[in-house]
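Q: I am sharing run_33.txt, which consists of compact mmCIF, C-alpha atoms:
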# COMPACT_ATOMS: atom_id res chain seq x y z
CA MET A 1 -10.24 -28.01 0.89
CA MET A 2 -12.40 -24.95 1.66
CA THR A 3 -16.14 -25.62 1.63
CA PRO A 4 -18.47 -23.48 -0.53
CA ALA A 5 -20.04 -22.03 2.61
CA ALA A 6 -16.63 -20.79 3.82
CA ASP A 7 -15.24 -19.74 0.42
CA PRO A 8 -15.69 -15.96 -0.09
CA TYR A 9 -15.72 -16.53 -3.86
CA TYR A 10 -19.27 -17.86 -3.73
CA VAL A 11 -20.44 -14.84 -1.76
CA ALA A 12 -18.88 -12.51 -4.34
CA LYS A 13 -20.31 -14.60 -7.19
CA GLU A 14 -23.81 -14.41 -5.75
CA GLU A 15 -23.53 -10.64 -5.34
CA VAL A 16 -22.32 -10.20 -8.93
CA GLU A 17 -25.09 -12.39 -10.32
CA GLY A 18 -27.70 -10.44 -8.37
CA ALA A 19 -26.25 -7.11 -9.48
CA ILE A 20 -26.22 -8.18 -13.15
CA GLN A 21 -29.83 -9.32 -12.96
CA LYS A 22 -30.84 -6.04 -11.33
CA VAL A 23 -29.04 -3.98 -14.00
CA GLN A 24 -30.59 -6.04 -16.80
CA GLU A 25 -34.08 -5.38 -15.43
CA MET A 26 -33.40 -1.65 -15.13
CA HIS A 27 -31.88 -1.67 -18.62
CA LYS A 28 -35.14 -2.93 -20.12
CA GLU A 29 -37.05 0.03 -18.69
CA TRP A 30 -34.19 2.37 -19.63
CA GLY A 31 -34.36 1.20 -23.26
CA ARG A 32 -38.12 1.63 -23.40
CA LEU A 33 -37.92 5.18 -22.03
CA LEU A 34 -35.05 6.02 -24.39
CA GLN A 35 -37.21 5.22 -27.39
CA SER A 36 -40.59 6.44 -26.18
CA GLU A 37 -39.91 9.60 -24.16
CA ASN A 38 -37.91 12.78 -24.24
CA THR A 39 -34.99 11.81 -22.02
CA ALA A 40 -34.27 15.40 -21.06
CA ARG A 41 -37.76 15.71 -19.57
CA SER A 42 -38.05 12.24 -18.01
CA GLN A 43 -36.67 12.23 -14.46
CA ARG A 44 -37.23 8.47 -14.32
CA PHE A 45 -34.96 7.96 -17.32
CA GLN A 46 -32.28 10.23 -15.86
CA HIS A 47 -32.42 8.37 -12.55
CA LEU A 48 -32.15 4.99 -14.31
CA HIS A 49 -29.31 6.19 -16.50
CA SER A 50 -27.31 7.39 -13.49
CA GLU A 51 -28.02 4.28 -11.40
CA ILE A 52 -27.19 1.86 -14.21
CA SER A 53 -23.92 3.66 -14.95
CA GLY A 54 -22.89 3.48 -11.29
CA ASP A 55 -23.83 -0.21 -10.99
CA LEU A 56 -21.91 -1.09 -14.15
CA ARG A 57 -18.83 0.64 -12.78
CA GLN A 58 -19.16 -1.23 -9.48
CA LEU A 59 -19.59 -4.55 -11.31
CA ASP A 60 -16.38 -3.90 -13.20
CA PHE A 61 -14.54 -3.41 -9.88
CA ASP A 62 -16.10 -6.58 -8.43
CA LEU A 63 -15.05 -8.68 -11.43
CA GLN A 64 -11.52 -7.28 -11.15
CA ASP A 65 -11.42 -8.40 -7.50
CA ILE A 66 -12.65 -11.90 -8.38
CA SER A 67 -10.06 -12.19 -11.17
CA ALA A 68 -7.35 -11.15 -8.72
CA THR A 69 -8.38 -13.87 -6.24
CA ILE A 70 -8.36 -16.49 -9.01
CA SER A 71 -4.82 -15.45 -9.98
CA MET A 72 -3.74 -15.62 -6.34
CA VAL A 73 -5.13 -19.17 -6.05
CA GLU A 74 -3.29 -20.23 -9.22
CA GLU A 75 -0.01 -18.84 -7.87
CA ASN A 76 -0.42 -20.59 -4.49
CA ARG A 77 -1.80 -24.02 -5.41
CA LYS A 78 -0.22 -25.69 -2.38
CA ARG A 79 -1.95 -23.32 0.00
CA PHE A 80 -5.36 -23.34 -1.70
CA GLN A 81 -6.51 -26.89 -2.34
CA ILE A 82 -8.83 -26.09 -5.25
CA ALA A 83 -9.26 -28.42 -8.22
CA ASP A 84 -8.42 -27.36 -11.77
CA THR A 85 -12.06 -27.83 -12.80
CA GLU A 86 -13.19 -25.41 -10.11
CA ILE A 87 -10.65 -22.79 -11.23
CA ALA A 88 -11.77 -23.24 -14.83
CA SER A 89 -15.40 -22.81 -13.72
CA ARG A 90 -14.55 -19.57 -11.93
CA LYS A 91 -12.70 -18.23 -14.95
CA ALA A 92 -15.69 -19.09 -17.16
CA PHE A 93 -17.99 -17.20 -14.80
CA VAL A 94 -15.78 -14.10 -14.94
CA THR A 95 -15.58 -14.30 -18.76
CA GLY A 96 -19.35 -14.62 -19.15
CA SER A 97 -20.03 -11.83 -16.68
CA ARG A 98 -17.58 -9.52 -18.45
CA ARG A 99 -19.28 -10.26 -21.77
CA THR A 100 -22.67 -9.29 -20.32
CA LEU A 101 -21.15 -6.23 -18.67
CA LYS A 102 -19.60 -5.10 -21.95
CA GLU A 103 -22.91 -5.44 -23.78
CA LEU A 104 -24.67 -3.31 -21.18
CA GLN A 105 -21.91 -0.70 -21.17
CA GLU A 106 -22.01 -0.41 -24.97
CA SER A 107 -25.79 -0.04 -24.90
CA VAL A 108 -25.91 2.61 -22.17
CA GLY A 109 -22.82 4.54 -23.22
CA GLY A 110 -22.93 3.88 -26.96
CA ASN A 111 -23.19 6.41 -29.76
CA ALA A 112 -26.87 5.71 -30.44
CA ALA A 113 -27.96 6.38 -26.87
CA ALA A 114 -25.71 9.44 -26.60
CA ALA A 115 -27.14 10.87 -29.84
CA LYS A 116 -30.73 10.38 -28.65
CA ILE A 117 -30.02 11.99 -25.27
CA GLU A 118 -28.29 14.96 -26.89
CA ALA A 119 -31.10 15.39 -29.42
CA ASP A 120 -33.66 15.41 -26.58
CA LYS A 121 -31.69 18.11 -24.80
CA ARG A 122 -31.65 20.28 -27.91
CA SER A 123 -35.35 19.65 -28.40
CA VAL A 124 -36.13 20.87 -24.91
CA LEU A 125 -34.03 23.98 -25.38
CA THR A 126 -35.38 24.94 -28.81
CA LYS A 127 -38.97 23.71 -28.86
CA LYS A 128 -41.65 26.30 -28.23
CA ASP A 129 -44.70 24.77 -26.67
CA GLY A 130 -47.67 26.20 -24.83
CA GLY A 131 -46.35 29.73 -24.86
CA ALA A 132 -43.33 28.79 -22.74
CA ASN A 133 -40.87 31.64 -22.66
CA THR A 134 -37.09 31.63 -22.87
CA GLU A 135 -36.67 31.94 -19.12
CA ARG A 136 -38.59 28.72 -18.53
CA ARG A 137 -36.56 26.82 -21.09
CA ASN A 138 -33.36 28.10 -19.57
CA GLN A 139 -34.54 27.03 -16.13
CA ILE A 140 -35.28 23.53 -17.40
CA ALA A 141 -31.83 23.32 -18.96
CA LYS A 142 -30.27 24.63 -15.76
CA ASP A 143 -32.15 22.08 -13.66
CA ASN A 144 -31.04 19.29 -15.95
CA ASP A 145 -27.44 20.43 -15.85
CA GLN A 146 -27.53 20.71 -12.06
CA PHE A 147 -29.01 17.24 -11.75
CA LEU A 148 -26.38 15.74 -14.03
CA GLU A 149 -23.63 17.59 -12.17
CA ARG A 150 -24.87 16.24 -8.82
CA GLU A 151 -24.95 12.73 -10.23
CA ARG A 152 -21.48 13.15 -11.67
CA GLN A 153 -20.11 14.35 -8.33
CA SER A 154 -21.84 11.48 -6.54
CA GLN A 155 -20.25 8.94 -8.88
CA GLN A 156 -16.85 10.56 -8.45
CA GLN A 157 -17.19 10.29 -4.67
CA ILE A 158 -18.09 6.60 -4.96
CA ILE A 159 -15.09 5.94 -7.19
CA GLN A 160 -12.80 7.88 -4.85
CA SER A 161 -14.05 5.91 -1.83
CA GLN A 162 -13.46 2.63 -3.66
CA ASP A 163 -9.96 3.71 -4.69
CA GLU A 164 -9.12 4.66 -1.10
CA ALA A 165 -10.42 1.31 0.16
CA LEU A 166 -8.25 -0.54 -2.38
CA ILE A 167 -5.21 1.50 -1.33
CA GLN A 168 -5.84 0.67 2.33
CA ILE A 169 -6.20 -3.02 1.53
CA GLY A 170 -2.93 -2.97 -0.40
CA ALA A 171 -1.15 -1.17 2.45
CA SER A 172 -2.49 -3.67 4.99
CA ALA A 173 -1.29 -6.58 2.87
CA GLN A 174 2.16 -4.98 2.60
CA ARG A 175 2.32 -4.49 6.38
CA LEU A 176 1.34 -8.11 6.98
CA GLN A 177 4.03 -9.28 4.55
CA THR A 178 6.65 -7.13 6.27
CA ALA A 179 5.62 -8.40 9.71
CA ALA A 180 5.76 -12.01 8.50
CA ASN A 181 9.28 -11.51 7.10
CA THR A 182 10.43 -9.88 10.36
CA ILE A 183 9.03 -12.71 12.49
CA SER A 184 10.68 -15.28 10.22
CA MET A 185 14.07 -13.55 10.56
CA GLU A 186 13.72 -13.31 14.35
CA LEU A 187 12.84 -16.99 14.61
CA LYS A 188 15.92 -17.93 12.58
CA GLU A 189 18.13 -15.72 14.77
CA GLN A 190 16.69 -17.19 17.96
CA GLN A 191 17.19 -20.71 16.65
CA GLN A 192 20.82 -19.91 15.89
CA MET A 193 21.26 -18.42 19.38
CA LEU A 194 19.81 -21.58 20.97
CA GLN A 195 22.17 -23.74 18.96
CA ASP A 196 25.13 -21.60 20.04
CA LEU A 197 23.97 -21.80 23.66
CA ASP A 198 23.75 -25.59 23.45
CA ARG A 199 27.31 -25.76 22.16
CA ASP A 200 28.55 -23.43 24.91
CA ILE A 201 26.80 -25.48 27.58
CA ASP A 202 28.35 -28.67 26.23
CA LYS A 203 31.82 -27.11 26.32
CA GLU A 204 31.40 -25.77 29.84
CA THR A 205 29.94 -29.08 31.00
CA GLU A 206 33.05 -30.86 29.78
CA LYS A 207 35.19 -28.34 31.67
CA LEU A 208 33.15 -28.84 34.84
CA ASN A 209 33.42 -32.62 34.55
CA PHE A 210 37.17 -32.28 34.23
CA VAL A 211 37.34 -29.99 37.29
CA MET A 212 35.12 -32.27 39.33
CA LYS A 213 37.32 -35.26 38.54
CA ARG A 214 40.41 -33.33 39.64
CA ILE A 215 38.66 -32.19 42.80
CA GLY A 216 37.65 -35.76 43.52
CA ARG A 217 41.25 -36.93 43.32
CA LEU A 218 42.58 -34.00 45.34
CA MET A 219 40.00 -34.45 48.09
CA GLN A 220 41.78 -37.69 48.97
CA THR A 221 44.95 -35.87 50.15
CA SER A 222 45.80 -33.71 53.23
CA ASP A 223 48.56 -31.67 51.61
CA ASN A 224 48.12 -27.89 52.27
CA LYS A 225 49.20 -26.99 48.78
CA GLN A 226 46.73 -29.39 47.30
CA ILE A 227 44.00 -28.04 49.59
CA CYS A 228 44.74 -24.52 48.32
CA LEU A 229 44.56 -25.84 44.81
CA ILE A 230 41.20 -27.40 45.59
CA ILE A 231 39.91 -24.09 46.90
CA GLY A 232 41.17 -22.31 43.80
CA LEU A 233 39.52 -24.87 41.51
CA PHE A 234 36.31 -24.55 43.48
CA VAL A 235 36.36 -20.79 42.98
CA LEU A 236 37.06 -21.35 39.29
CA MET A 237 34.07 -23.68 39.12
CA ILE A 238 31.82 -21.01 40.67
CA VAL A 239 33.07 -18.44 38.15
CA LEU A 240 32.40 -20.83 35.27
CA ILE A 241 28.90 -21.48 36.55
CA PHE A 242 28.33 -17.72 36.80
CA PHE A 243 29.41 -17.17 33.20
CA ILE A 244 27.23 -20.06 32.01
CA VAL A 245 24.17 -18.68 33.73
CA ASN A 246 24.70 -15.11 32.42
CA SER A 247 25.79 -15.99 28.90
Would you give me this structure, written as structure tokens?

A:
Amino acid sequence: MMTPAADPYYVAKEEVEGAIQKVQEMHKEWGRLLQSENTARSQRFQHLHSEISGDLRQLDFDLQDISATISMVEENRKRFQIADTEIASRKAFVTGSRRTLKELQESVGGNAAAAKIEADKRSVLTKKDGGANTERRNQIAKDNDQFLERERQSQQQIIQSQDEALIQIGASAQRLQTAANTISMELKEQQQMLQDLDRDIDKETEKLNFVMKRIGRLMQTSDNKQICLIIGLFVLMIVLIFFIVNS
């Protein structure tokens, strides 16, 4: 049985727990700023909103990976000696984490938050304060849009990198499976070849024993014809040995 120190599940679990705690702490400040400040003016709120969204997306990927490993363990119980209680505990962890993740996602991306953020944007664009002119308001809106666009592009790059990594992992697993199947087929073929060779050697050994017995009997005579026969059988024996060695 794999020890907790060697089981990658516990490493992944610790990372997920730490990430959830971090997001929950940021979410508290995010909620306070959402209610108390104009979100279109608050760079801190915009930074938190972007960071929380990215972390929630990453947590979703991490929980998908953990769920996949649990399914793999269930499908290969002979290979992974893990008790049913441990598997149930891991499933419970994933379920609880997904519940927390869903609550955070609904809070950050829900209709109430979206309405407040949109209202703050309109307020910045339409409110006249301190003699600010239209050009200044447009610049603020432009800066906000550019910031959001940069954050959007950054998140897209992160997602793309993660997708490429998953594709590479899948391709590597497929190559390993193909190599394992090829090695298995080659081992079976070599085993069959060795069995065939053993049978051939047995047959040729019987033939050699027969020839040697005949030679032994013929060596006891001085007849020229029999001597020629002995020589011919000896040559035949050498040919048989040659074929055995090169077969």

Q: For each of A:Ala40, A:Leu166, A:Glu17, A:Thr178, take the minimum atom-to-atom distance to A:Arg122, counting all atoms listed in the file, then give the residue where this is smallest.

A: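 Nearest to A:Arg122: A:Ala40.
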
Q: For stretch 45-126 of chain A versus stretch 20-23 of chain A, which residues have an atom no more than 10 Å away, and what is each residue's nearest atom pair and distance in Å rounded to one decimal, using all atoms listed in the file, chain-then-number order, as JSON lines?

A:
{"residue": "A:Leu48", "atom": "CA", "partner": "A:Val23", "partner_atom": "CA", "distance": 9.5}
{"residue": "A:Glu51", "atom": "CA", "partner": "A:Val23", "partner_atom": "CA", "distance": 8.7}
{"residue": "A:Ile52", "atom": "CA", "partner": "A:Val23", "partner_atom": "CA", "distance": 6.1}
{"residue": "A:Ser53", "atom": "CA", "partner": "A:Val23", "partner_atom": "CA", "distance": 9.2}
{"residue": "A:Asp55", "atom": "CA", "partner": "A:Val23", "partner_atom": "CA", "distance": 7.1}
{"residue": "A:Leu56", "atom": "CA", "partner": "A:Val23", "partner_atom": "CA", "distance": 7.7}
{"residue": "A:Leu59", "atom": "CA", "partner": "A:Ile20", "partner_atom": "CA", "distance": 7.8}
{"residue": "A:Ser97", "atom": "CA", "partner": "A:Ile20", "partner_atom": "CA", "distance": 8.0}
{"residue": "A:Thr100", "atom": "CA", "partner": "A:Ile20", "partner_atom": "CA", "distance": 8.1}
{"residue": "A:Leu101", "atom": "CA", "partner": "A:Ile20", "partner_atom": "CA", "distance": 7.7}
{"residue": "A:Leu104", "atom": "CA", "partner": "A:Val23", "partner_atom": "CA", "distance": 8.4}

Q: Write the residues of the preceding selection, restricted to C-alpha atoms, as a PDB file, in the frame of the given file.

A:
ATOM      1  CA  LEU A  48     -32.150   4.990 -14.310  1.00  0.00           C
ATOM      2  CA  GLU A  51     -28.020   4.280 -11.400  1.00  0.00           C
ATOM      3  CA  ILE A  52     -27.190   1.860 -14.210  1.00  0.00           C
ATOM      4  CA  SER A  53     -23.920   3.660 -14.950  1.00  0.00           C
ATOM      5  CA  ASP A  55     -23.830  -0.210 -10.990  1.00  0.00           C
ATOM      6  CA  LEU A  56     -21.910  -1.090 -14.150  1.00  0.00           C
ATOM      7  CA  LEU A  59     -19.590  -4.550 -11.310  1.00  0.00           C
ATOM      8  CA  SER A  97     -20.030 -11.830 -16.680  1.00  0.00           C
ATOM      9  CA  THR A 100     -22.670  -9.290 -20.320  1.00  0.00           C
ATOM     10  CA  LEU A 101     -21.150  -6.230 -18.670  1.00  0.00           C
ATOM     11  CA  LEU A 104     -24.670  -3.310 -21.180  1.00  0.00           C
TER      12      LEU A 104
END

Q: Work out how far apart atom CA of A:Ile244 and atom CA of A:Asp198 are and give it in Å to one decimal.

A: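 According to the coordinates, atom CA of A:Ile244 and atom CA of A:Asp198 are separated by 10.8 Å.
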
Q: Residues within 9 Å of A:Val124, please, as a ChimeraX atom specification. Count all atoms listed in the file; anything in the same chain fewer than 2 positions from it doesn't count.

A: /A:38,40-41,119-122,126-128,137,140-141

Q: I'd like the contact shell of A:Ser67 - 12 Å cut-off, only C-alpha atoms, skipping same-chain residues fewer than 5 positions apart - returned as a ChimeraX atom specification.

A: /A:9,12-13,60-62,72-74,87-88,90-95,97-98

Q: My list of candidates is A:Gln105, A:Val16, A:Met185, A:Ile159. Which is closest to A:Asp65 when distances are computed with all atoms listed in the file?

A: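 Using all atoms listed in the file, the shortest distance to A:Asp65 belongs to A:Val16.
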
Q: At what distance in Å, to one decimal, does atom CA of A:Gln58 lie from atom CA of A:Gln162?

A: 9.0 Å

Q: List every protein, DNA or RNA residue that has at least one atom no more than 12 Å from (-36.3, 0.6, -20.0) in the file's coordinates, counting all atoms listed in the file, and write the result as a PyMOL selection string.

A: chain A and resi 23-37+39+42+44-49+52+107-108

Q: Could you save the residues just selected, with C-alpha atoms, as a PDB file, keeping the file's coordinate frame?

A:
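Below is the file that was written, part_16.pdb:
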ATOM      1  CA  VAL A  23     -29.040  -3.980 -14.000  1.00  0.00           C
ATOM      2  CA  GLN A  24     -30.590  -6.040 -16.800  1.00  0.00           C
ATOM      3  CA  GLU A  25     -34.080  -5.380 -15.430  1.00  0.00           C
ATOM      4  CA  MET A  26     -33.400  -1.650 -15.130  1.00  0.00           C
ATOM      5  CA  HIS A  27     -31.880  -1.670 -18.620  1.00  0.00           C
ATOM      6  CA  LYS A  28     -35.140  -2.930 -20.120  1.00  0.00           C
ATOM      7  CA  GLU A  29     -37.050   0.030 -18.690  1.00  0.00           C
ATOM      8  CA  TRP A  30     -34.190   2.370 -19.630  1.00  0.00           C
ATOM      9  CA  GLY A  31     -34.360   1.200 -23.260  1.00  0.00           C
ATOM     10  CA  ARG A  32     -38.120   1.630 -23.400  1.00  0.00           C
ATOM     11  CA  LEU A  33     -37.920   5.180 -22.030  1.00  0.00           C
ATOM     12  CA  LEU A  34     -35.050   6.020 -24.390  1.00  0.00           C
ATOM     13  CA  GLN A  35     -37.210   5.220 -27.390  1.00  0.00           C
ATOM     14  CA  SER A  36     -40.590   6.440 -26.180  1.00  0.00           C
ATOM     15  CA  GLU A  37     -39.910   9.600 -24.160  1.00  0.00           C
ATOM     16  CA  THR A  39     -34.990  11.810 -22.020  1.00  0.00           C
ATOM     17  CA  SER A  42     -38.050  12.240 -18.010  1.00  0.00           C
ATOM     18  CA  ARG A  44     -37.230   8.470 -14.320  1.00  0.00           C
ATOM     19  CA  PHE A  45     -34.960   7.960 -17.320  1.00  0.00           C
ATOM     20  CA  GLN A  46     -32.280  10.230 -15.860  1.00  0.00           C
ATOM     21  CA  HIS A  47     -32.420   8.370 -12.550  1.00  0.00           C
ATOM     22  CA  LEU A  48     -32.150   4.990 -14.310  1.00  0.00           C
ATOM     23  CA  HIS A  49     -29.310   6.190 -16.500  1.00  0.00           C
ATOM     24  CA  ILE A  52     -27.190   1.860 -14.210  1.00  0.00           C
ATOM     25  CA  SER A 107     -25.790  -0.040 -24.900  1.00  0.00           C
ATOM     26  CA  VAL A 108     -25.910   2.610 -22.170  1.00  0.00           C
TER      27      VAL A 108
END

Q: Report, in Å to a single decimal, how far apart atom CA of A:Lys102 and atom CA of A:Gln146 are.

A: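 Atom-to-atom, atom CA of A:Gln146 to atom CA of A:Lys102, that is 28.8 Å.
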
Q: I'd like to know which of A:Gln43, A:Ser89, A:Thr205, A:Ser50 is closest to A:Glu151, using all atoms listed in the file.

A: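 Ranking A:Gln43, A:Ser89, A:Thr205, A:Ser50 by distance to A:Glu151, first place goes to A:Ser50.
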
Q: Pick the closest to A:Gly54 from A:Arg175, A:Arg152, A:Arg99, A:Lys188: which is it, counting only C-alpha atoms?

A: A:Arg152
